[in-house]
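Source file: protein-v5.txt (compact mmCIF, C-alpha atoms and all ligand atoms)
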# COMPACT_ATOMS: atom_id res chain seq x y z
CA MET W 17 -20.64 20.20 -21.33
CA HIS W 18 -18.98 18.33 -18.48
CA ILE W 19 -17.99 20.11 -15.29
CA ALA W 20 -16.34 18.20 -12.43
CA VAL W 21 -15.99 19.37 -8.83
CA THR W 22 -12.88 18.15 -7.06
CA GLY W 23 -11.49 18.46 -3.53
CA ASN W 24 -10.74 16.82 -0.23
CA ILE W 25 -13.31 15.11 2.02
CA GLY W 26 -15.73 17.73 3.36
CA ALA W 27 -14.64 20.54 1.00
CA GLY W 28 -18.21 21.05 -0.21
CA LYS W 29 -18.25 19.14 -3.52
CA THR W 30 -21.64 17.47 -3.09
CA THR W 31 -23.22 20.71 -1.88
CA LEU W 32 -21.83 22.76 -4.79
CA THR W 33 -22.60 20.03 -7.36
CA THR W 34 -26.22 19.98 -6.19
CA MET W 35 -26.51 23.78 -6.33
CA LEU W 36 -24.90 24.06 -9.77
CA ALA W 37 -27.06 21.29 -11.25
CA LYS W 38 -30.16 23.04 -9.95
CA HIS W 39 -29.01 26.47 -11.14
CA TYR W 40 -28.16 25.39 -14.69
CA GLY W 41 -30.80 22.64 -14.97
CA TRP W 42 -28.08 20.05 -15.67
CA SER W 43 -27.76 16.43 -14.56
CA ALA W 44 -25.66 15.69 -11.49
CA GLN W 45 -23.53 12.62 -10.88
CA PHE W 46 -22.72 11.81 -7.27
CA GLU W 47 -20.27 9.46 -5.61
CA ASP W 48 -21.47 6.06 -4.50
CA VAL W 49 -21.35 6.68 -0.74
CA ASP W 50 -24.64 5.65 0.90
CA HIS W 51 -24.81 2.26 -0.86
CA ASN W 52 -21.08 1.66 -0.85
CA PRO W 53 -20.54 -1.85 0.57
CA TYR W 54 -16.97 -1.17 1.80
CA LEU W 55 -16.75 2.41 3.08
CA GLU W 56 -17.81 1.80 6.68
CA ASP W 57 -15.56 -1.27 7.00
CA PHE W 58 -12.72 0.69 5.40
CA TYR W 59 -12.80 3.38 8.08
CA ALA W 60 -12.84 0.69 10.78
CA ASP W 61 -9.79 -1.12 9.32
CA MET W 62 -8.13 0.71 6.42
CA SER W 63 -5.39 -1.79 5.82
CA LYS W 64 -7.81 -4.71 5.50
CA TRP W 65 -10.31 -3.02 3.18
CA SER W 66 -8.26 -0.53 1.15
CA PHE W 67 -7.86 -2.68 -1.98
CA ALA W 68 -11.52 -3.76 -2.09
CA LEU W 69 -12.67 -0.14 -1.61
CA GLN W 70 -10.34 1.19 -4.33
CA ILE W 71 -11.55 -1.39 -6.84
CA TYR W 72 -15.15 -0.60 -5.94
CA PHE W 73 -14.69 3.18 -6.40
CA LEU W 74 -12.75 2.65 -9.62
CA GLY W 75 -15.56 0.54 -11.11
CA SER W 76 -18.25 2.92 -9.98
CA ARG W 77 -16.39 5.97 -11.29
CA PHE W 78 -15.69 4.27 -14.63
CA ARG W 79 -19.43 3.57 -14.97
CA GLN W 80 -19.96 7.33 -14.62
CA VAL W 81 -17.31 8.06 -17.27
CA LYS W 82 -19.16 5.74 -19.66
CA GLU W 83 -22.48 7.39 -18.88
CA ILE W 84 -21.08 10.89 -19.48
CA ARG W 85 -19.65 9.75 -22.81
CA GLU W 86 -22.87 8.07 -23.95
CA SER W 87 -25.56 10.40 -22.58
CA GLY W 88 -24.66 13.57 -24.49
CA LYS W 89 -26.17 15.52 -21.56
CA ASN W 90 -24.70 18.47 -19.70
CA ILE W 91 -23.31 16.94 -16.53
CA ILE W 92 -21.86 18.13 -13.23
CA GLN W 93 -19.81 15.43 -11.60
CA ASP W 94 -18.98 15.17 -7.89
CA ARG W 95 -15.32 13.98 -7.86
CA THR W 96 -13.33 12.40 -10.71
CA ILE W 97 -11.70 9.04 -11.38
CA TYR W 98 -8.29 10.81 -11.31
CA GLU W 99 -8.70 11.45 -7.59
CA ASP W 100 -9.22 7.78 -6.77
CA ALA W 101 -5.86 6.92 -8.29
CA HIS W 102 -3.71 10.02 -7.82
CA ILE W 103 -4.98 11.01 -4.39
CA PHE W 104 -6.57 8.16 -2.43
CA ALA W 105 -4.87 4.99 -3.74
CA GLU W 106 -1.44 6.65 -3.87
CA ASN W 107 -1.84 8.02 -0.37
CA LEU W 108 -2.90 4.65 1.05
CA ASN W 109 0.17 3.12 -0.56
CA ASP W 110 2.40 5.88 0.89
CA MET W 111 0.89 5.29 4.33
CA GLY W 112 1.58 1.55 4.12
CA LEU W 113 -2.16 0.79 4.12
CA LEU W 114 -2.18 -0.58 0.55
CA SER W 115 0.68 -2.94 -0.28
CA ASP W 116 2.97 -2.31 -3.28
CA ARG W 117 1.66 -5.51 -4.90
CA ASP W 118 -1.98 -4.37 -4.61
CA PHE W 119 -1.16 -0.80 -5.60
CA ASN W 120 0.70 -1.93 -8.74
CA ASN W 121 -2.18 -4.21 -9.66
CA TYR W 122 -4.63 -1.31 -9.15
CA ALA W 123 -2.42 1.14 -11.07
CA SER W 124 -2.23 -1.12 -14.11
CA VAL W 125 -6.06 -1.41 -14.27
CA PHE W 126 -6.34 2.37 -13.82
CA SER W 127 -3.87 3.08 -16.59
CA LEU W 128 -5.89 0.88 -18.97
CA MET W 129 -9.10 2.72 -18.03
CA LYS W 130 -7.49 6.14 -18.32
CA SER W 131 -7.27 5.83 -22.10
CA PHE W 132 -11.10 5.85 -22.19
CA VAL W 133 -11.45 8.90 -19.92
CA SER W 134 -11.94 12.39 -21.32
CA ALA W 135 -11.05 15.31 -19.07
CA PRO W 136 -13.95 17.55 -18.03
CA ASP W 137 -14.46 20.83 -19.90
CA LEU W 138 -13.88 22.49 -16.54
CA LEU W 139 -12.41 21.13 -13.31
CA ILE W 140 -13.37 23.15 -10.22
CA TYR W 141 -11.01 22.55 -7.29
CA LEU W 142 -12.46 23.45 -3.89
CA LYS W 143 -9.42 24.26 -1.80
CA SER W 144 -9.83 24.12 1.97
CA ASP W 145 -7.51 23.83 4.95
CA VAL W 146 -7.63 20.90 7.35
CA PRO W 147 -9.37 22.61 10.34
CA ASN W 148 -12.21 23.70 8.04
CA LEU W 149 -12.48 20.22 6.51
CA VAL W 150 -12.76 18.76 10.02
CA LYS W 151 -15.55 21.22 10.91
CA LYS W 152 -17.53 20.36 7.79
CA ILE W 153 -17.06 16.59 8.19
CA TYR W 154 -18.33 16.99 11.77
CA LYS W 155 -21.28 19.11 10.56
CA ARG W 156 -22.21 16.40 8.03
CA GLY W 157 -22.20 13.85 10.83
CA ARG W 158 -21.55 10.51 9.08
CA GLU W 159 -20.72 8.27 12.07
CA TYR W 160 -18.08 6.13 10.35
CA GLU W 161 -16.15 9.28 9.32
CA ALA W 162 -15.52 10.15 12.98
CA SER W 163 -12.32 8.07 12.81
CA ILE W 164 -10.81 10.22 10.01
CA SER W 165 -7.55 11.60 11.40
CA ILE W 166 -5.96 15.01 10.93
CA GLU W 167 -2.93 13.17 9.54
CA TYR W 168 -5.04 11.44 6.86
CA LEU W 169 -6.72 14.70 5.79
CA SER W 170 -3.39 16.57 5.75
CA LYS W 171 -1.77 13.93 3.56
CA LEU W 172 -4.75 13.98 1.19
CA ASN W 173 -4.52 17.79 1.03
CA GLN W 174 -0.82 17.54 0.11
CA LYS W 175 -1.69 15.07 -2.66
CA TYR W 176 -4.41 17.40 -3.95
CA GLU W 177 -2.00 20.35 -4.07
CA LYS W 178 0.56 18.31 -5.97
CA TRP W 179 -1.97 16.88 -8.42
CA ILE W 180 -3.67 20.23 -9.07
CA SER W 181 -0.35 22.01 -9.61
CA GLY W 182 0.44 19.54 -12.42
CA TYR W 183 -3.08 19.35 -13.89
CA THR W 184 -2.91 20.17 -17.60
CA GLU W 185 -5.71 18.00 -19.01
CA GLY W 186 -8.22 20.87 -19.34
CA LYS W 187 -9.52 24.14 -17.90
CA LEU W 188 -9.06 24.50 -14.17
CA LEU W 189 -10.71 26.84 -11.68
CA ILE W 190 -9.37 26.97 -8.12
CA ILE W 191 -11.78 28.29 -5.49
CA GLU W 192 -10.60 28.91 -1.93
CA VAL W 193 -13.74 27.99 -0.03
CA ASP W 194 -12.77 28.67 3.57
CA ASP W 195 -14.00 32.25 3.49
CA LEU W 196 -17.07 31.46 1.41
CA ASP W 197 -20.45 30.28 2.60
CA PHE W 198 -22.16 29.47 -0.67
CA VAL W 199 -24.85 27.56 1.27
CA GLU W 200 -26.16 30.54 3.25
CA LYS W 201 -24.91 33.54 1.25
CA PRO W 202 -26.33 34.01 -2.27
CA GLU W 203 -23.57 36.53 -3.02
CA ASP W 204 -20.92 33.83 -2.39
CA PHE W 205 -22.71 31.44 -4.74
CA GLY W 206 -22.95 34.31 -7.25
CA PHE W 207 -19.19 34.83 -6.97
CA ILE W 208 -18.60 31.16 -7.91
CA LEU W 209 -21.05 31.38 -10.84
CA GLU W 210 -19.24 34.44 -12.18
CA LYS W 211 -15.90 32.62 -12.03
CA ILE W 212 -17.32 29.57 -13.81
CA GLU W 213 -18.92 31.64 -16.53
CA ALA W 214 -15.71 33.62 -17.09
CA GLU W 215 -13.81 30.33 -17.53
CA LEU W 216 -16.42 28.89 -19.87
CA ASN W 217 -16.95 32.07 -21.85
CA GLY W 218 -17.87 30.96 -25.34
CA LEU W 219 -18.65 27.39 -24.34
CA PHE W 220 -22.02 28.19 -22.72
N1 LIG E 1 -18.92 26.74 1.74
C1 LIG E 1 -19.60 26.16 2.73
N2 LIG E 1 -20.05 26.88 3.76
C2 LIG E 1 -20.71 26.28 4.77
N3 LIG E 1 -20.97 24.98 4.87
C3 LIG E 1 -20.57 24.22 3.87
C4 LIG E 1 -19.87 24.75 2.73
N4 LIG E 1 -19.58 23.74 1.89
C5 LIG E 1 -20.07 22.63 2.47
N5 LIG E 1 -20.67 22.91 3.65
C6 LIG E 1 -21.25 21.94 4.57
O1 LIG E 1 -20.20 21.04 4.91
C7 LIG E 1 -20.65 19.68 4.93
C8 LIG E 1 -19.83 18.83 3.95
O2 LIG E 1 -20.09 19.26 2.62
P1 LIG E 1 -20.17 18.22 1.40
O3 LIG E 1 -20.77 18.96 0.25
O4 LIG E 1 -20.83 16.95 1.84
O5 LIG E 1 -18.61 17.98 1.15
P2 LIG E 1 -17.89 16.93 0.18
O6 LIG E 1 -18.90 16.42 -0.81
O7 LIG E 1 -16.79 17.72 -0.48
O8 LIG E 1 -17.34 15.87 1.07
C9 LIG E 1 -22.14 19.73 4.61
O9 LIG E 1 -22.84 19.68 5.83
C10 LIG E 1 -22.32 21.08 3.91
O10 LIG E 1 -23.60 21.63 4.13
N1 LIG E 2 -10.98 6.41 -3.74
C1 LIG E 2 -11.32 6.58 -2.45
N2 LIG E 2 -10.63 5.96 -1.47
C2 LIG E 2 -10.94 6.10 -0.18
N3 LIG E 2 -11.98 6.83 0.25
C3 LIG E 2 -12.70 7.47 -0.69
C4 LIG E 2 -12.41 7.40 -2.08
N4 LIG E 2 -13.32 8.17 -2.74
C5 LIG E 2 -14.14 8.69 -1.82
N5 LIG E 2 -13.78 8.28 -0.58
C6 LIG E 2 -14.47 8.52 0.69
C7 LIG E 2 -14.20 9.84 1.37
C8 LIG E 2 -15.49 10.10 2.10
O1 LIG E 2 -15.53 9.41 3.35
C9 LIG E 2 -16.55 9.47 1.20
C10 LIG E 2 -17.25 10.47 0.31
O2 LIG E 2 -16.33 11.42 -0.21
P1 LIG E 2 -16.60 13.00 -0.06
O3 LIG E 2 -15.27 13.66 -0.33
O4 LIG E 2 -17.10 13.26 1.31
O5 LIG E 2 -17.63 13.31 -1.09
O6 LIG E 2 -15.87 8.52 0.41
Any chance you could put this one into structure tokens?
Amino acid sequence: MHIAVTGNIGAGKTTLTTMLAKHYGWSAQFEDVDHNPYLEDFYADMSKWSFALQIYFLGSRFRQVKEIRESGKNIIQDRTIYEDAHIFAENLNDMGLLSDRDFNNYASVFSLMKSFVSAPDLLIYLKSDVPNLVKKIYKRGREYEASISIEYLSKLNQKYEKWISGYTEGKLLIIEVDDLDFVEKPEDFGFILEKIEAELNGLF
């Protein structure tokens, strides 16, 4: 079984992935953030570092895809390789922060990799509006994320909505998280578990 949690920066993916892995006793796969050699530089100068960061995330996410394929374990994954390409890289190109030449180069590598990627059994999209994302990013307190603009988050949210509305690769569960506090309220976490189990009925 492979479940992936998807959503904008600060939506609660890492938190939910951790809680689900603990609840089901499954392995969790997290994004390469703390040891990422480009992320801090990227936020200081997006145009200069966007290509290097995209290639780094693509490689690191593809390593996870390979591990999921080979391990045979039940895995909960925090963000997918699709988001790197369809959300972040595309958005940087739209914003003029990743040149057409670099984006086309990136896209051709991604399209090659995509043929090796299997969709998760269930994709859980954590939908959140921009003011709530800002609050949660602030609560998390990573210094280099202080420069993230409302414009950047709004554009990413638009990309997410577009991508999710056309997602047909597998089962999809959309959870509106702004009125949920699955960290502090067990009943809110229970609500999410019920939804997941209803989607995966028969697969558990
Ligand atoms: N539903 C929620 N209710 C309250 N706080 C939340 C919720 N989801 C996430 N948080 C908090 O918001 C911050 C960002 O969450 P995180 O899981 O790191 O988001 P993501 O991995 O999507 O970027 C963390 O401090 C986390 O504790
Ligand atoms: N592909 C990416 N391009 C740019 N930035 C990215 C990409 N993938 C993740 N990120 C950033 C966004 C956050 O600052 C950190 C961690 O993501 P989060 O949504 O908070 O788990 O990496």
### Task
Determine, counting only C-alpha atoms, which protein, DNA and RNA residues have an atom within 6 Å of an atom of stretch 144-148 of chain W; residues of the same chain fewer than 2 positions away are not included. Present the result as a list of chain:residue names.
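The filter keeps W:Val150, W:Lys151, W:Val193, W:Asp194.
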Where does chain W meet ligand LIG 2 (chain E) within 7 Å, residue by residue, with the nearest atom pair and distance in Å to one decimal for each, counting all atoms listed in the file, listed by chain and rising number, as a tab-separated table?
residue	atom	partner	partner_atom	distance
W:Gly23	CA	E:LIG2	O3	6.9
W:Asn24	CA	E:LIG2	O3	5.5
W:Ile25	CA	E:LIG2	O3	3.4
W:Gly26	CA	E:LIG2	O4	5.1
W:Lys29	CA	E:LIG2	O5	6.3
W:Thr30	CA	E:LIG2	O5	6.1
W:Glu47	CA	E:LIG2	O5	6.5
W:Val49	CA	E:LIG2	C10	5.7
W:Leu55	CA	E:LIG2	O6	6.7
W:Leu69	CA	E:LIG2	N2	6.4
W:Gln70	CA	E:LIG2	N1	5.3
W:Phe73	CA	E:LIG2	N1	5.6
W:Glu99	CA	E:LIG2	N1	6.7
W:Asp100	CA	E:LIG2	N1	3.8
W:Ala101	CA	E:LIG2	N1	6.9
W:Phe104	CA	E:LIG2	N2	4.7
W:Ala105	CA	E:LIG2	N2	6.3
W:Glu161	CA	E:LIG2	O1	6.0
### Message
Applying 12 Å and all atoms listed in the file, which residues near W:His51 remain after dropping the ones on its own chain fewer than 5 positions away? List them as a list in words.
### Response
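Final neighbour list, sorted by chain and number: Phe46, Glu56, Tyr72, Phe73 and Ser76 of chain W.
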Please produce an output containing C-alpha atoms for each residue in the selection, written as a PDB file, in the coordinates of the input.
ATOM      1  CA  PHE W  46     -22.720  11.810  -7.270  1.00  0.00           C
ATOM      2  CA  GLU W  56     -17.810   1.800   6.680  1.00  0.00           C
ATOM      3  CA  TYR W  72     -15.150  -0.600  -5.940  1.00  0.00           C
ATOM      4  CA  PHE W  73     -14.690   3.180  -6.400  1.00  0.00           C
ATOM      5  CA  SER W  76     -18.250   2.920  -9.980  1.00  0.00           C
TER       6      SER W  76
END
### Message
As an exercise, work out the distance from atom CA of W:Ala162 to atom CA of W:Asp61 in Å and give it to one decimal place.
### Response
13.2 Å
### Task
Could you check which of W:Gln45, W:Asn121, W:Ser181, W:Ser131 is closest to W:Lys89, using all atoms listed in the file?
W:Gln45
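Between W:Ile212 and the residues W:Val133, W:Ile71, W:Leu36, W:Val81, the shortest atom-to-atom distance, using only C-alpha atoms, involves W:Leu36.
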### Query
Hey, can you check how far atom CA of W:Ile153 sits from atom CA of W:His39?
24.8 Å
### Task
Pick out the closest residue to W:Gly182 from this set: W:Arg95, W:His18, W:Arg85, W:His102. Count all atoms listed in the file.
W:His102
Return the padded bounding box of ligand LIG 1 (chain E) as AutoDock Vina command-line options: axis-aligned, built from all atoms listed in the file, 3 Å added on each side, with centre and edge lengths in Å to one decimal.
--center_x -20.2 --center_y 21.4 --center_z 2.5 --size_x 12.8 --size_y 17.0 --size_z 12.6
### Task
Measuring atom to atom with all atoms listed in the file, identify which of W:Tyr122, W:Asp50, W:Glu192, W:Asn107 is nearest to W:Arg158.
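Smallest distance to W:Arg158 is found for W:Asp50.
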### Task
Rank nothing, just name the residue among W:Met129, W:Leu172, W:Leu188, W:Met35 nearest to W:Ile97, using all atoms listed in the file.
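When distances to W:Ile97 are compared using all atoms listed in the file, the smallest one comes from W:Met129.
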### Query
Which distance in Å separates atom CA of W:Ile19 and atom CA of W:Ser134, to one decimal?
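These atoms are spaced 11.5 Å apart.
The smallest atom-to-atom distance between W:Leu196 and any of W:Tyr98, W:Phe126, W:Ala20, W:Lys143, using all atoms listed in the file, is found for W:Lys143.
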### Task
Find the residues near W:Thr34: any atom within 12 Å, counting all atoms listed in the file, skip ones fewer than 4 places away on the same chain, and give them as a list in words.
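My reading of the contact set: Ala20, Val21, Gly28, Lys29, Thr30, Lys38, His39, Tyr40, Gly41, Trp42, Ser43, Ala44, Gln45, Phe46, Ile91, Ile92, Gln93, Asp94, Phe198 and Val199 of chain W.
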N, CA, C and O atoms are what I want for stretch 167-184 of chain W; can you complete it accordingly and write them as a compact mmCIF listing (two decimals), in the coordinates of the input?
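Contents of the output file part_15.txt:
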# COMPACT_ATOMS: atom_id res chain seq x y z
N GLU W 167 -4.06 13.60 10.36
CA GLU W 167 -2.93 13.17 9.54
C GLU W 167 -3.41 12.73 8.14
O GLU W 167 -2.84 13.11 7.13
N TYR W 168 -4.50 11.94 8.13
CA TYR W 168 -5.04 11.44 6.86
C TYR W 168 -5.49 12.61 5.99
O TYR W 168 -5.13 12.70 4.81
N LEU W 169 -6.23 13.55 6.57
CA LEU W 169 -6.72 14.70 5.79
C LEU W 169 -5.56 15.56 5.30
O LEU W 169 -5.59 16.07 4.17
N SER W 170 -4.54 15.74 6.15
CA SER W 170 -3.39 16.57 5.75
C SER W 170 -2.66 15.93 4.58
O SER W 170 -2.25 16.61 3.63
N LYS W 171 -2.47 14.62 4.65
CA LYS W 171 -1.77 13.93 3.56
C LYS W 171 -2.59 14.01 2.26
O LYS W 171 -2.02 14.20 1.18
N LEU W 172 -3.91 13.86 2.38
CA LEU W 172 -4.75 13.98 1.19
C LEU W 172 -4.64 15.41 0.62
O LEU W 172 -4.52 15.60 -0.59
N ASN W 173 -4.64 16.40 1.51
CA ASN W 173 -4.52 17.79 1.03
C ASN W 173 -3.20 18.00 0.29
O ASN W 173 -3.16 18.68 -0.74
N GLN W 174 -2.11 17.42 0.81
CA GLN W 174 -0.82 17.54 0.11
C GLN W 174 -0.89 16.91 -1.28
O GLN W 174 -0.38 17.44 -2.25
N LYS W 175 -1.55 15.74 -1.36
CA LYS W 175 -1.69 15.07 -2.66
C LYS W 175 -2.51 15.93 -3.62
O LYS W 175 -2.20 16.02 -4.81
N TYR W 176 -3.59 16.53 -3.09
CA TYR W 176 -4.41 17.40 -3.95
C TYR W 176 -3.57 18.55 -4.50
O TYR W 176 -3.63 18.87 -5.68
N GLU W 177 -2.80 19.20 -3.63
CA GLU W 177 -2.00 20.35 -4.07
C GLU W 177 -1.03 19.94 -5.18
O GLU W 177 -0.87 20.64 -6.17
N LYS W 178 -0.41 18.79 -4.99
CA LYS W 178 0.56 18.31 -5.97
C LYS W 178 -0.14 17.99 -7.30
O LYS W 178 0.32 18.38 -8.37
N TRP W 179 -1.25 17.28 -7.21
CA TRP W 179 -1.97 16.88 -8.42
C TRP W 179 -2.49 18.10 -9.18
O TRP W 179 -2.31 18.22 -10.40
N ILE W 180 -3.09 19.04 -8.43
CA ILE W 180 -3.67 20.23 -9.07
C ILE W 180 -2.56 21.08 -9.71
O ILE W 180 -2.73 21.61 -10.81
N SER W 181 -1.41 21.16 -9.05
CA SER W 181 -0.35 22.01 -9.61
C SER W 181 0.18 21.42 -10.93
O SER W 181 0.75 22.15 -11.75
N GLY W 182 -0.02 20.13 -11.15
CA GLY W 182 0.44 19.54 -12.42
C GLY W 182 -0.70 19.22 -13.37
O GLY W 182 -0.50 18.53 -14.37
N TYR W 183 -1.91 19.70 -13.05
CA TYR W 183 -3.08 19.35 -13.89
C TYR W 183 -3.08 20.16 -15.19
O TYR W 183 -3.18 21.38 -15.15
N THR W 184 -2.97 19.46 -16.31
CA THR W 184 -2.91 20.17 -17.60
C THR W 184 -3.94 19.59 -18.59
O THR W 184 -3.93 19.95 -19.76
